[in-house]
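Everything below belongs to upload-v1.cif, which stores mmCIF, C-alpha atoms and all ligand atoms.
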```
data_data
#
loop_
_atom_site.label_atom_id
_atom_site.label_comp_id
_atom_site.auth_asym_id
_atom_site.auth_seq_id
_atom_site.Cartn_x
_atom_site.Cartn_y
_atom_site.Cartn_z
CA MET A 370 -22.62 -7.34 17.50
CA PRO A 371 -20.63 -4.72 15.55
CA THR A 372 -21.17 -5.08 11.81
CA HIS A 373 -18.76 -3.59 9.32
CA THR A 374 -19.68 -3.16 5.69
CA ILE A 375 -16.76 -3.79 3.36
CA ALA A 376 -16.82 -2.92 -0.33
CA LEU A 377 -14.96 -5.76 -1.99
CA LEU A 378 -13.35 -4.78 -5.27
CA ALA A 379 -11.56 -7.81 -6.67
CA GLY A 380 -10.06 -5.88 -9.58
CA ASP A 381 -8.17 -7.34 -12.52
CA GLY A 382 -5.59 -10.03 -13.28
CA ILE A 383 -4.69 -11.95 -10.13
CA GLY A 384 -7.09 -9.71 -8.16
CA PRO A 385 -10.03 -12.16 -7.95
CA GLU A 386 -7.75 -15.05 -6.92
CA ILE A 387 -6.11 -13.23 -4.03
CA THR A 388 -9.38 -11.55 -3.01
CA ALA A 389 -10.99 -14.98 -2.60
CA GLU A 390 -8.34 -15.76 0.03
CA ALA A 391 -9.06 -12.50 1.83
CA VAL A 392 -12.72 -13.54 2.05
CA LYS A 393 -11.75 -16.85 3.67
CA ILE A 394 -9.81 -14.96 6.32
CA LEU A 395 -12.63 -12.51 7.00
CA GLN A 396 -15.04 -15.41 7.41
CA LEU A 397 -12.73 -17.05 9.92
CA VAL A 398 -12.25 -13.78 11.78
CA GLU A 399 -16.05 -13.54 12.14
CA THR A 400 -16.18 -16.92 13.83
CA ARG A 401 -13.41 -15.98 16.29
CA ASN A 402 -14.57 -12.49 17.21
CA ASP A 403 -17.67 -10.62 18.15
CA VAL A 404 -17.97 -9.04 14.72
CA ARG A 405 -19.77 -9.40 11.43
CA PHE A 406 -18.54 -8.36 8.02
CA ASP A 407 -21.07 -7.46 5.39
CA LEU A 408 -19.16 -7.96 2.13
CA LYS A 409 -20.38 -6.03 -0.88
CA PRO A 410 -18.63 -7.15 -4.07
CA ALA A 411 -18.41 -4.53 -6.82
CA LEU A 412 -16.72 -4.12 -10.18
CA PHE A 413 -13.64 -1.94 -10.41
CA GLY A 414 -10.83 -1.41 -12.90
CA ALA A 415 -10.68 -2.91 -16.37
CA ALA A 416 -13.22 -5.57 -15.38
CA ALA A 417 -15.64 -2.74 -14.64
CA TYR A 418 -14.76 -0.86 -17.81
CA PHE A 419 -15.53 -3.80 -20.09
CA GLU A 420 -18.82 -4.42 -18.32
CA THR A 421 -20.06 -0.84 -17.86
CA GLY A 422 -17.81 1.53 -19.84
CA LYS A 423 -16.38 3.01 -16.62
CA SER A 424 -13.47 1.87 -14.45
CA PHE A 425 -15.18 3.25 -11.32
CA PRO A 426 -18.87 2.88 -12.23
CA GLU A 427 -21.74 4.61 -10.41
CA GLU A 428 -22.93 1.38 -8.78
CA THR A 429 -19.46 0.79 -7.36
CA ILE A 430 -19.24 4.38 -6.16
CA ALA A 431 -22.57 3.95 -4.36
CA ILE A 432 -21.38 0.74 -2.67
CA CYS A 433 -18.06 2.32 -1.64
CA ASP A 434 -19.80 5.47 -0.37
CA LYS A 435 -21.90 3.36 1.98
CA ALA A 436 -19.12 1.00 3.10
CA ASP A 437 -17.13 1.34 6.33
CA ALA A 438 -13.97 0.35 4.46
CA ILE A 439 -12.92 -0.74 1.01
CA LEU A 440 -10.81 -3.79 0.26
CA LYS A 441 -9.45 -3.52 -3.21
CA GLY A 442 -7.50 -5.93 -5.38
CA PRO A 443 -4.94 -4.80 -7.94
CA ILE A 444 -6.14 -3.33 -11.21
CA GLY A 445 -4.79 -2.81 -14.70
CA LEU A 446 -4.00 -4.71 -17.85
CA SER A 447 -0.88 -5.49 -19.84
CA HIS A 448 0.57 -2.60 -21.81
CA GLU A 449 -0.99 -3.96 -25.01
CA GLU A 450 -4.41 -4.73 -23.52
CA SER A 451 -4.58 -1.27 -21.92
CA LYS A 452 -4.64 0.26 -25.37
CA LYS A 453 -8.16 -1.13 -25.84
CA ILE A 454 -9.37 1.38 -23.25
CA PRO A 455 -9.42 5.15 -23.85
CA VAL A 456 -6.57 6.81 -21.92
CA ASP A 457 -8.82 8.59 -19.41
CA GLU A 458 -10.82 5.46 -18.59
CA GLN A 459 -7.80 3.22 -18.11
CA PRO A 460 -8.09 1.65 -14.67
CA GLU A 461 -5.40 3.79 -13.04
CA ARG A 462 -6.57 7.19 -14.31
CA GLY A 463 -10.26 6.30 -14.55
CA GLY A 464 -10.59 4.22 -11.37
CA LEU A 465 -7.80 4.37 -8.86
CA LEU A 466 -6.95 8.07 -8.88
CA PRO A 467 -10.63 9.11 -8.75
CA MET A 468 -11.11 6.76 -5.79
CA ARG A 469 -8.17 8.32 -3.96
CA LYS A 470 -9.54 11.76 -4.69
CA ARG A 471 -13.15 10.95 -3.78
CA TYR A 472 -12.23 9.59 -0.36
CA ASP A 473 -9.31 11.99 0.07
CA THR A 474 -7.07 9.12 1.17
CA TYR A 475 -4.08 11.29 1.88
CA ALA A 476 -1.99 8.95 4.00
CA ASN A 477 -0.68 5.81 2.39
CA PHE A 478 0.97 3.34 4.77
CA ARG A 479 3.37 0.96 3.03
CA PRO A 480 5.10 -1.40 5.43
CA VAL A 481 8.37 -2.96 4.30
CA TYR A 482 8.50 -5.87 6.67
CA LEU A 483 11.00 -8.70 6.38
CA PRO A 484 11.04 -10.89 9.46
CA ARG A 485 13.30 -13.92 9.57
CA ALA A 486 10.63 -16.18 8.06
CA LEU A 487 10.74 -14.14 4.86
CA ALA A 488 14.44 -13.28 4.75
CA HIS A 489 15.20 -15.82 2.02
CA PHE A 490 13.00 -13.93 -0.44
CA SER A 491 15.19 -10.85 -0.27
CA PRO A 492 18.01 -10.29 -2.77
CA LEU A 493 19.99 -8.51 -0.03
CA ARG A 494 22.84 -10.29 1.72
CA PRO A 495 22.20 -11.67 5.23
CA GLU A 496 24.60 -9.19 6.82
CA ILE A 497 22.55 -6.32 5.38
CA ILE A 498 19.26 -7.83 6.56
CA GLY A 499 20.63 -8.46 10.05
CA ASP A 500 17.82 -9.25 12.47
CA GLY A 501 15.24 -8.29 9.90
CA ILE A 502 13.90 -5.23 8.12
CA ASP A 503 10.88 -3.37 9.44
CA PHE A 504 10.04 0.12 8.33
CA ILE A 505 6.95 1.93 7.07
CA ILE A 506 6.75 4.44 4.28
CA ILE A 507 4.13 7.12 4.74
CA ARG A 508 3.38 8.40 1.28
CA GLU A 509 1.24 11.49 0.78
CA LEU A 510 -1.31 10.12 -1.68
CA VAL A 511 -3.58 12.82 -3.05
CA GLY A 512 -1.28 15.70 -3.96
CA GLY A 513 1.84 16.48 -5.93
CA LEU A 514 2.37 15.61 -9.56
CA TYR A 515 -0.42 13.06 -9.57
CA PHE A 516 -3.14 15.63 -8.95
CA GLY A 517 -1.53 18.89 -10.08
CA ARG A 518 -2.71 20.90 -13.04
CA LYS A 519 -1.93 19.34 -16.39
CA ASP A 520 -1.86 20.77 -19.82
CA SER A 521 -0.59 19.65 -23.19
CA GLY A 522 -0.67 20.95 -26.74
CA ILE A 523 1.51 22.46 -29.43
CA ASP A 524 3.92 25.26 -28.56
CA ASP A 525 4.80 28.31 -30.67
CA ALA A 526 7.56 26.39 -32.41
CA GLY A 527 5.09 23.68 -33.44
CA ARG A 528 6.39 21.12 -30.95
CA ARG A 529 4.18 18.90 -28.80
CA TYR A 530 4.55 19.86 -25.15
CA VAL A 531 3.20 18.79 -21.79
CA HIS A 532 3.05 20.50 -18.38
CA GLU A 533 2.48 18.53 -15.22
CA THR A 534 2.52 20.47 -12.01
CA LEU A 535 3.82 19.45 -8.61
CA GLU A 536 1.38 21.22 -6.31
CA TYR A 537 1.04 21.22 -2.55
CA ASN A 538 -0.42 23.60 -0.04
CA GLU A 539 0.67 23.65 3.59
CA ASP A 540 -2.48 21.93 4.85
CA GLN A 541 -1.93 18.96 2.56
CA ILE A 542 1.65 18.67 3.75
CA ARG A 543 0.80 19.15 7.40
CA ARG A 544 -1.80 16.40 7.62
CA ALA A 545 0.51 13.83 6.01
CA LEU A 546 3.34 14.82 8.35
CA GLU A 547 1.04 14.60 11.37
CA ILE A 548 0.28 10.99 10.49
CA ALA A 549 3.99 10.24 10.17
CA PHE A 550 4.86 11.88 13.51
CA GLN A 551 2.02 10.02 15.23
CA LEU A 552 3.27 6.74 13.83
CA ALA A 553 6.85 7.51 14.84
CA GLN A 554 5.55 8.28 18.33
CA LYS A 555 4.01 4.80 18.52
CA ARG A 556 7.09 3.09 17.11
CA LYS A 557 10.74 3.94 17.69
CA LYS A 558 10.42 7.73 17.86
CA ARG A 559 12.52 8.15 14.74
CA LEU A 560 11.40 9.74 11.53
CA HIS A 561 13.20 10.03 8.21
CA ASN A 562 11.97 12.96 6.20
CA VAL A 563 12.60 12.29 2.51
CA HIS A 564 12.76 15.31 0.23
CA LYS A 565 14.61 17.09 -2.57
CA SER A 566 14.94 20.58 -1.14
CA ASN A 567 18.20 21.20 -3.00
CA VAL A 568 16.12 21.45 -6.19
CA LEU A 569 12.38 21.51 -5.52
CA LYS A 570 10.57 24.42 -3.89
CA SER A 571 7.81 22.00 -2.94
CA SER A 572 10.35 20.28 -0.70
CA VAL A 573 11.39 23.61 0.82
CA LEU A 574 7.78 24.23 1.83
CA TRP A 575 7.44 20.62 2.97
CA ASN A 576 10.43 21.04 5.26
CA GLU A 577 9.19 24.38 6.63
CA VAL A 578 5.90 22.75 7.58
CA LEU A 579 7.81 19.84 9.08
CA GLU A 580 9.63 22.22 11.44
CA GLU A 581 6.25 23.58 12.59
CA VAL A 582 4.69 20.15 13.13
CA ARG A 583 7.80 18.91 14.84
CA SER A 584 7.40 21.30 17.76
CA ASP A 585 4.39 19.21 18.89
CA TYR A 586 6.51 16.06 18.91
CA PRO A 587 9.64 16.94 20.84
CA GLU A 588 10.51 13.29 21.49
CA ILE A 589 10.85 12.39 17.83
CA ALA A 590 14.33 12.40 16.31
CA VAL A 591 13.98 13.68 12.77
CA GLU A 592 16.58 12.91 10.13
CA HIS A 593 16.51 14.58 6.76
CA ILE A 594 17.52 12.63 3.72
CA LEU A 595 17.44 13.56 0.05
CA VAL A 596 15.30 11.23 -2.00
CA ASP A 597 18.16 10.07 -4.21
CA ALA A 598 20.34 9.28 -1.21
CA ALA A 599 17.38 7.52 0.39
CA ALA A 600 17.24 5.22 -2.63
CA THR A 601 20.87 4.26 -2.05
CA TYR A 602 20.53 3.72 1.69
CA LEU A 603 17.43 1.60 1.25
CA CYS A 604 19.75 -0.92 -0.43
CA LEU A 605 22.88 -0.43 1.64
CA GLU A 606 21.41 -0.05 5.08
CA PRO A 607 17.64 -0.63 5.15
CA THR A 608 17.69 -1.37 8.88
CA ARG A 609 18.49 2.28 9.62
CA PHE A 610 14.89 3.24 8.72
CA ASP A 611 11.80 2.99 10.87
CA VAL A 612 9.23 5.55 9.68
CA MET A 613 9.82 7.44 6.44
CA VAL A 614 7.60 10.21 5.14
CA MET A 615 7.52 11.69 1.67
CA GLU A 616 5.42 13.26 -1.05
CA ASN A 617 3.36 11.24 -3.50
CA MET A 618 5.71 10.53 -6.41
CA PHE A 619 8.75 9.89 -4.22
CA GLY A 620 6.62 7.46 -2.24
CA ASP A 621 5.44 5.68 -5.36
CA ILE A 622 9.01 5.01 -6.42
CA LEU A 623 10.64 4.26 -3.08
CA SER A 624 7.82 1.97 -1.97
CA ASP A 625 8.36 -0.19 -5.04
CA GLN A 626 12.00 -0.27 -4.06
CA GLY A 627 10.71 -1.55 -0.73
CA GLY A 628 9.19 -4.43 -2.68
CA GLY A 629 12.60 -5.02 -4.26
CA ILE A 630 14.19 -5.16 -0.81
CA LEU A 631 11.67 -7.80 0.26
CA GLY A 632 12.16 -9.71 -2.96
CA SER A 633 8.69 -9.15 -4.37
CA LEU A 634 5.95 -6.57 -4.59
CA GLY A 635 3.75 -9.51 -3.67
CA LEU A 636 4.93 -8.94 -0.10
CA MET A 637 3.70 -5.33 0.02
CA PRO A 638 0.25 -4.69 1.48
CA SER A 639 -0.93 -1.12 2.03
CA ALA A 640 -3.49 1.10 3.68
CA CYS A 641 -4.81 4.35 2.20
CA ILE A 642 -6.29 6.41 4.99
CA GLY A 643 -8.74 9.24 4.51
CA PRO A 644 -10.55 11.50 6.96
CA GLU A 645 -13.75 9.43 6.72
CA LYS A 646 -13.05 6.41 4.64
CA SER A 647 -10.03 4.25 4.06
CA TYR A 648 -9.23 1.63 1.53
CA TYR A 649 -6.76 -1.23 1.62
CA GLU A 650 -4.91 -2.69 -1.31
CA PRO A 651 -1.78 -4.57 -2.35
CA SER A 652 0.90 -2.13 -3.54
CA HIS A 653 1.47 -4.17 -6.67
CA GLY A 654 -0.23 -4.43 -10.04
CA SER A 655 -2.56 -7.10 -11.36
CA ALA A 656 0.22 -9.33 -12.81
CA PRO A 657 -1.76 -10.30 -15.93
CA ASP A 658 1.06 -12.63 -16.98
CA ILE A 659 0.34 -15.03 -14.12
CA ALA A 660 -3.39 -14.42 -13.71
CA GLY A 661 -5.75 -17.37 -13.55
CA GLN A 662 -3.04 -19.92 -12.77
CA GLY A 663 -3.46 -20.01 -9.00
CA ILE A 664 0.23 -19.29 -8.45
CA ALA A 665 0.11 -15.75 -7.03
CA ASN A 666 0.83 -15.33 -3.35
CA PRO A 667 -2.07 -13.69 -1.49
CA TYR A 668 0.21 -12.18 1.22
CA SER A 669 -0.16 -8.57 0.06
CA MET A 670 -3.94 -8.93 0.08
CA LEU A 671 -4.06 -10.72 3.44
CA GLY A 672 -1.66 -8.16 4.88
CA SER A 673 -4.05 -5.48 3.63
CA VAL A 674 -6.83 -7.30 5.51
CA ALA A 675 -4.67 -7.19 8.63
CA MET A 676 -4.18 -3.47 8.18
CA MET A 677 -7.93 -2.99 7.71
CA LEU A 678 -8.71 -4.95 10.87
CA GLU A 679 -6.31 -2.77 12.81
CA MET A 680 -6.88 0.62 11.29
CA SER A 681 -10.57 0.64 10.36
CA PHE A 682 -12.05 -1.79 12.90
CA ASP A 683 -9.74 -1.42 15.92
CA MET A 684 -9.00 -5.16 15.95
CA GLU A 685 -5.31 -4.82 16.72
CA GLN A 686 -4.78 -8.19 18.33
CA GLU A 687 -6.50 -10.11 15.56
CA ALA A 688 -4.42 -8.16 13.02
CA ARG A 689 -1.28 -9.25 14.85
CA ASN A 690 -2.54 -12.82 14.85
CA LEU A 691 -3.04 -12.70 11.10
CA TRP A 692 0.52 -11.44 10.53
CA GLN A 693 1.77 -14.19 12.77
CA ALA A 694 -0.26 -16.83 10.94
CA MET A 695 1.21 -15.75 7.60
CA GLN A 696 4.76 -15.89 8.99
CA ALA A 697 4.01 -19.36 10.31
CA VAL A 698 3.07 -20.61 6.86
CA PHE A 699 6.31 -19.27 5.38
CA SER A 700 8.32 -20.58 8.34
CA ALA A 701 6.91 -24.04 7.70
CA GLY A 702 8.57 -23.82 4.28
CA PHE A 703 5.49 -23.21 2.15
CA THR A 704 5.39 -20.74 -0.67
CA THR A 705 3.60 -20.12 -3.94
CA PRO A 706 5.38 -20.56 -7.29
CA ASP A 707 5.51 -16.79 -7.97
CA LEU A 708 7.66 -16.25 -4.86
CA ALA A 709 9.69 -19.45 -4.84
CA ARG A 710 13.35 -18.61 -4.23
CA ARG A 711 15.03 -21.26 -2.20
CA GLY A 712 14.69 -24.01 -4.72
CA ASP A 713 13.68 -27.57 -4.00
CA ASP A 714 13.41 -27.30 -0.25
CA GLU A 715 10.42 -24.98 -0.58
CA LYS A 716 7.03 -26.63 -0.69
CA LYS A 717 5.16 -24.93 -3.51
CA ILE A 718 1.44 -24.65 -3.05
CA SER A 719 -1.31 -22.78 -4.88
CA THR A 720 -2.85 -19.43 -4.02
CA ALA A 721 -5.89 -21.18 -2.49
CA GLU A 722 -3.77 -23.69 -0.58
CA PHE A 723 -1.69 -20.86 0.82
CA GLY A 724 -4.89 -19.14 1.96
CA ASP A 725 -6.07 -22.40 3.55
CA LYS A 726 -2.79 -22.74 5.44
CA VAL A 727 -3.13 -19.21 6.79
CA VAL A 728 -6.68 -20.04 7.86
CA GLU A 729 -5.36 -23.14 9.62
CA GLU A 730 -2.60 -21.23 11.42
CA LEU A 731 -4.88 -18.39 12.42
CA GLY A 732 -7.42 -20.90 13.68
CA ARG A 733 -4.73 -22.32 15.95
CA LEU A 734 -4.03 -19.01 17.69
CA PRO A 735 -6.25 -18.15 20.61
CA PRO A 736 -8.95 -15.65 19.62
CA PRO A 737 -8.48 -12.17 21.12
C1 LIG B 801 0.74 2.47 -6.60
C2 LIG B 801 0.56 2.31 -8.08
C3 LIG B 801 -0.31 3.44 -8.57
C4 LIG B 801 0.39 4.76 -8.28
C5 LIG B 801 -0.69 3.32 -10.06
C6 LIG B 801 -1.38 1.99 -10.35
C7 LIG B 801 -1.50 4.47 -10.54
O1 LIG B 801 1.78 2.27 -8.71
O2 LIG B 801 -0.28 2.43 -5.87
O3 LIG B 801 1.87 2.64 -6.17
O4 LIG B 801 1.22 5.20 -9.09
O5 LIG B 801 0.13 5.33 -7.25
MG MG B 802 3.41 2.35 -7.44
#
```
Go ahead and express the file in the form of structure tokens.
Amino acid sequence: MPTHTIALLAGDGIGPEITAEAVKILQLVETRNDVRFDLKPALFGAAAYFETGKSFPEETIAICDKADAILKGPIGLSHEESKKIPVDEQPERGGLLPMRKRYDTYANFRPVYLPRALAHFSPLRPEIIGDGIDFIIIRELVGGLYFGRKDSGIDDAGRRYVHETLEYNEDQIRRALEIAFQLAQKRKKRLHNVHKSNVLKSSVLWNEVLEEVRSDYPEIAVEHILVDAAATYLCLEPTRFDVMVMENMFGDILSDQGGGILGSLGLMPSACIGPEKSYYEPSHGSAPDIAGQGIANPYSMLGSVAMMLEMSFDMEQEARNLWQAMQAVFSAGFTTPDLARRGDDEKKISTAEFGDKVVEELGRLPPP
């Protein structure tokens, strides 16, 4: 029987609560499929820092290095609490970015998926949502401003200054674009290239490389859109998009806008794909304000499980089943308090109850 080792990093804030629901799903998936998951819990983020002095401690690195995939909860603390940790060890800079770099997870898939069962969560008007919204942002994840050279100090005039560099080479751009073209090929054969070539030279190079990659994908219709205009059209006409590709920082910002379109970042799972190892995580933060209350929706974490089943373990059908099971729970009118929108007609249940309902629905679908 195939066995997959999964490093399980629950993270901070609501992380442990929503990770517990992911475990329930994985256990059910084991009973329905010819597969075993060897779950290896490890500390990561602020939880790891307070225990070991590091956000991405050696023991966790060793577990992740050996794992077939990593399932990671959100990390981070409130603005005030973060100050208790030295800047370079704060969970984002000390944990998350080093993890992305270590596993070279260059392609970040962020689906913005709003089927009918979820439409009521969106702040957009029904005529804008139409038959539903379904696009994927491919965000380059290990280049650009995030990983460029940085320098700060005092300039000749005695002023504090900082330099942060937006760096890309053609190979980094090419491999991210390849992923986007391949995805467009599998979907609707349409690709929106998001850039800022009227100002940034990095976008000029990006677009040059795009023209080269494009010649291998003659069937794909490419549309170019400036990042600022893309922000507008994501609100006005989100259904025009299918696959979007962009550099790291643009993707950070526009994918959160994707969460706004859905009505919550809690509806945004993601996959971070590297050449050898991939990790899966909700796109949102650790929501310390609602942590420990059992009111956070586990959808983003369970969606990340679905993406892991599909992308790391080739379990496409079971991934589809899991998506369907989650829709079924929403369609039946259940939600968690953090997402509640409709008012009294929604049946509010806890994080764990939501997970149980998904388990129930998935259990009802025929195993692959
Ligand atoms: C994300 C997050 C991270 C990022 C933070 C936590 C460093 O916002 O995954 O989008 O900026 O990439
Ligand atoms: Mg972000």
**Request:** Name the residues within 12 Å of (1.9, 19.8, 4.5), counting all atoms listed in the file in the file's coordinates, and put them as a ChimeraX atom specification.
**Result:** /A:475-476,508-513,536-549,571-583,614-617
For those residues, write C-alpha atoms to a file as a PDB file, keeping the file's coordinate frame.
```pdb
ATOM      1  CA  TYR A 475      -4.080  11.290   1.880  1.00  0.00           C
ATOM      2  CA  ALA A 476      -1.990   8.950   4.000  1.00  0.00           C
ATOM      3  CA  ARG A 508       3.380   8.400   1.280  1.00  0.00           C
ATOM      4  CA  GLU A 509       1.240  11.490   0.780  1.00  0.00           C
ATOM      5  CA  LEU A 510      -1.310  10.120  -1.680  1.00  0.00           C
ATOM      6  CA  VAL A 511      -3.580  12.820  -3.050  1.00  0.00           C
ATOM      7  CA  GLY A 512      -1.280  15.700  -3.960  1.00  0.00           C
ATOM      8  CA  GLY A 513       1.840  16.480  -5.930  1.00  0.00           C
ATOM      9  CA  GLU A 536       1.380  21.220  -6.310  1.00  0.00           C
ATOM     10  CA  TYR A 537       1.040  21.220  -2.550  1.00  0.00           C
ATOM     11  CA  ASN A 538      -0.420  23.600  -0.040  1.00  0.00           C
ATOM     12  CA  GLU A 539       0.670  23.650   3.590  1.00  0.00           C
ATOM     13  CA  ASP A 540      -2.480  21.930   4.850  1.00  0.00           C
ATOM     14  CA  GLN A 541      -1.930  18.960   2.560  1.00  0.00           C
ATOM     15  CA  ILE A 542       1.650  18.670   3.750  1.00  0.00           C
ATOM     16  CA  ARG A 543       0.800  19.150   7.400  1.00  0.00           C
ATOM     17  CA  ARG A 544      -1.800  16.400   7.620  1.00  0.00           C
ATOM     18  CA  ALA A 545       0.510  13.830   6.010  1.00  0.00           C
ATOM     19  CA  LEU A 546       3.340  14.820   8.350  1.00  0.00           C
ATOM     20  CA  GLU A 547       1.040  14.600  11.370  1.00  0.00           C
ATOM     21  CA  ILE A 548       0.280  10.990  10.490  1.00  0.00           C
ATOM     22  CA  ALA A 549       3.990  10.240  10.170  1.00  0.00           C
ATOM     23  CA  SER A 571       7.810  22.000  -2.940  1.00  0.00           C
ATOM     24  CA  SER A 572      10.350  20.280  -0.700  1.00  0.00           C
ATOM     25  CA  VAL A 573      11.390  23.610   0.820  1.00  0.00           C
ATOM     26  CA  LEU A 574       7.780  24.230   1.830  1.00  0.00           C
ATOM     27  CA  TRP A 575       7.440  20.620   2.970  1.00  0.00           C
ATOM     28  CA  ASN A 576      10.430  21.040   5.260  1.00  0.00           C
ATOM     29  CA  GLU A 577       9.190  24.380   6.630  1.00  0.00           C
ATOM     30  CA  VAL A 578       5.900  22.750   7.580  1.00  0.00           C
ATOM     31  CA  LEU A 579       7.810  19.840   9.080  1.00  0.00           C
ATOM     32  CA  GLU A 580       9.630  22.220  11.440  1.00  0.00           C
ATOM     33  CA  GLU A 581       6.250  23.580  12.590  1.00  0.00           C
ATOM     34  CA  VAL A 582       4.690  20.150  13.130  1.00  0.00           C
ATOM     35  CA  ARG A 583       7.800  18.910  14.840  1.00  0.00           C
ATOM     36  CA  VAL A 614       7.600  10.210   5.140  1.00  0.00           C
ATOM     37  CA  MET A 615       7.520  11.690   1.670  1.00  0.00           C
ATOM     38  CA  GLU A 616       5.420  13.260  -1.050  1.00  0.00           C
ATOM     39  CA  ASN A 617       3.360  11.240  -3.500  1.00  0.00           C
TER      40      ASN A 617
END
```
List every residue of range 440-550 of chain A that has an atom at most 10 Å from any atom of range 389-410 of chain A, and for each one report the closest atom pair and its distance in Å to one decimal, counting only C-alpha atoms, with rows sorted by chain and then by increasing residue number, as JSON lines.
```
{"residue": "A:Leu440", "atom": "CA", "partner": "A:Ala391", "partner_atom": "CA", "distance": 9.0}
{"residue": "A:Lys441", "atom": "CA", "partner": "A:Pro410", "partner_atom": "CA", "distance": 9.9}
{"residue": "A:Gly442", "atom": "CA", "partner": "A:Ala391", "partner_atom": "CA", "distance": 9.9}
```
Would you mind listing the residues within 6 Å of ligand LIG 801 (chain B), counting all atoms listed in the file, as an mmCIF file with C-alpha atoms, in the coordinates of the input?
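Generated file (result-v6.cif):
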```cif
data_model
loop_
_atom_site.group_PDB
_atom_site.id
_atom_site.type_symbol
_atom_site.label_atom_id
_atom_site.label_comp_id
_atom_site.auth_asym_id
_atom_site.auth_seq_id
_atom_site.Cartn_x
_atom_site.Cartn_y
_atom_site.Cartn_z
ATOM 1 C CA GLU A 461 -5.400 3.790 -13.040
ATOM 2 C CA ASP A 621 5.440 5.680 -5.360
ATOM 3 C CA SER A 652 0.900 -2.130 -3.540
#
```
**Message:** Give me, as a list of chain:residue names, the set of residues whose atoms come within 10 Å of any atom of ligand MG 802 (chain B), counting all atoms listed in the file.
**Reply:** A:Asn617, A:Met618, A:Phe619, A:Gly620, A:Asp621, A:Ile622, A:Leu623, A:Ser624, A:Asp625, A:Gln626, A:Leu634, A:Ser652, A:His653, A:Gly654
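For the choices A:Ile505, A:Gln686, A:Pro657, A:Phe550, the atom-to-atom distance to Glu450 in chain A is smallest for A:Pro657 when using only C-alpha atoms.
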Save N, CA, C and O atoms of range 544-554 of chain A from the block above as a PDB file, in the first residue's frame.
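The resulting selection_35.pdb:
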```
ATOM      1  N   ARG A 544      10.198  29.214 -15.347  1.00  0.00           N
ATOM      2  CA  ARG A 544       9.587  28.036 -14.716  1.00  0.00           C
ATOM      3  C   ARG A 544       8.211  28.358 -14.138  1.00  0.00           C
ATOM      4  O   ARG A 544       7.314  27.511 -14.157  1.00  0.00           O
ATOM      5  N   ALA A 545       8.030  29.586 -13.650  1.00  0.00           N
ATOM      6  CA  ALA A 545       6.695  29.957 -13.142  1.00  0.00           C
ATOM      7  C   ALA A 545       5.709  30.048 -14.306  1.00  0.00           C
ATOM      8  O   ALA A 545       4.568  29.578 -14.211  1.00  0.00           O
ATOM      9  N   LEU A 546       6.161  30.630 -15.411  1.00  0.00           N
ATOM     10  CA  LEU A 546       5.276  30.758 -16.578  1.00  0.00           C
ATOM     11  C   LEU A 546       4.910  29.384 -17.143  1.00  0.00           C
ATOM     12  O   LEU A 546       3.769  29.161 -17.551  1.00  0.00           O
ATOM     13  N   GLU A 547       5.883  28.483 -17.152  1.00  0.00           N
ATOM     14  CA  GLU A 547       5.605  27.119 -17.647  1.00  0.00           C
ATOM     15  C   GLU A 547       4.441  26.498 -16.880  1.00  0.00           C
ATOM     16  O   GLU A 547       3.549  25.891 -17.466  1.00  0.00           O
ATOM     17  N   ILE A 548       4.490  26.656 -15.567  1.00  0.00           N
ATOM     18  CA  ILE A 548       3.421  26.088 -14.722  1.00  0.00           C
ATOM     19  C   ILE A 548       2.079  26.711 -15.120  1.00  0.00           C
ATOM     20  O   ILE A 548       1.057  26.026 -15.243  1.00  0.00           O
ATOM     21  N   ALA A 549       2.087  28.016 -15.346  1.00  0.00           N
ATOM     22  CA  ALA A 549       0.832  28.706 -15.675  1.00  0.00           C
ATOM     23  C   ALA A 549       0.304  28.255 -17.036  1.00  0.00           C
ATOM     24  O   ALA A 549      -0.897  28.000 -17.198  1.00  0.00           O
ATOM     25  N   PHE A 550       1.193  28.135 -18.018  1.00  0.00           N
ATOM     26  CA  PHE A 550       0.758  27.664 -19.349  1.00  0.00           C
ATOM     27  C   PHE A 550       0.220  26.237 -19.263  1.00  0.00           C
ATOM     28  O   PHE A 550      -0.787  25.903 -19.874  1.00  0.00           O
ATOM     29  N   GLN A 551       0.908  25.397 -18.484  1.00  0.00           N
ATOM     30  CA  GLN A 551       0.441  24.000 -18.361  1.00  0.00           C
ATOM     31  C   GLN A 551      -0.949  23.946 -17.727  1.00  0.00           C
ATOM     32  O   GLN A 551      -1.809  23.170 -18.144  1.00  0.00           O
ATOM     33  N   LEU A 552      -1.154  24.812 -16.743  1.00  0.00           N
ATOM     34  CA  LEU A 552      -2.469  24.824 -16.097  1.00  0.00           C
ATOM     35  C   LEU A 552      -3.535  25.347 -17.067  1.00  0.00           C
ATOM     36  O   LEU A 552      -4.630  24.788 -17.160  1.00  0.00           O
ATOM     37  N   ALA A 553      -3.182  26.390 -17.808  1.00  0.00           N
ATOM     38  CA  ALA A 553      -4.136  26.944 -18.781  1.00  0.00           C
ATOM     39  C   ALA A 553      -4.494  25.881 -19.823  1.00  0.00           C
ATOM     40  O   ALA A 553      -5.640  25.769 -20.256  1.00  0.00           O
ATOM     41  N   GLN A 554      -3.508  25.092 -20.183  1.00  0.00           N
ATOM     42  CA  GLN A 554      -3.714  24.015 -21.157  1.00  0.00           C
ATOM     43  C   GLN A 554      -4.749  23.006 -20.644  1.00  0.00           C
ATOM     44  O   GLN A 554      -5.576  22.515 -21.393  1.00  0.00           O
TER      45      GLN A 554
END
```
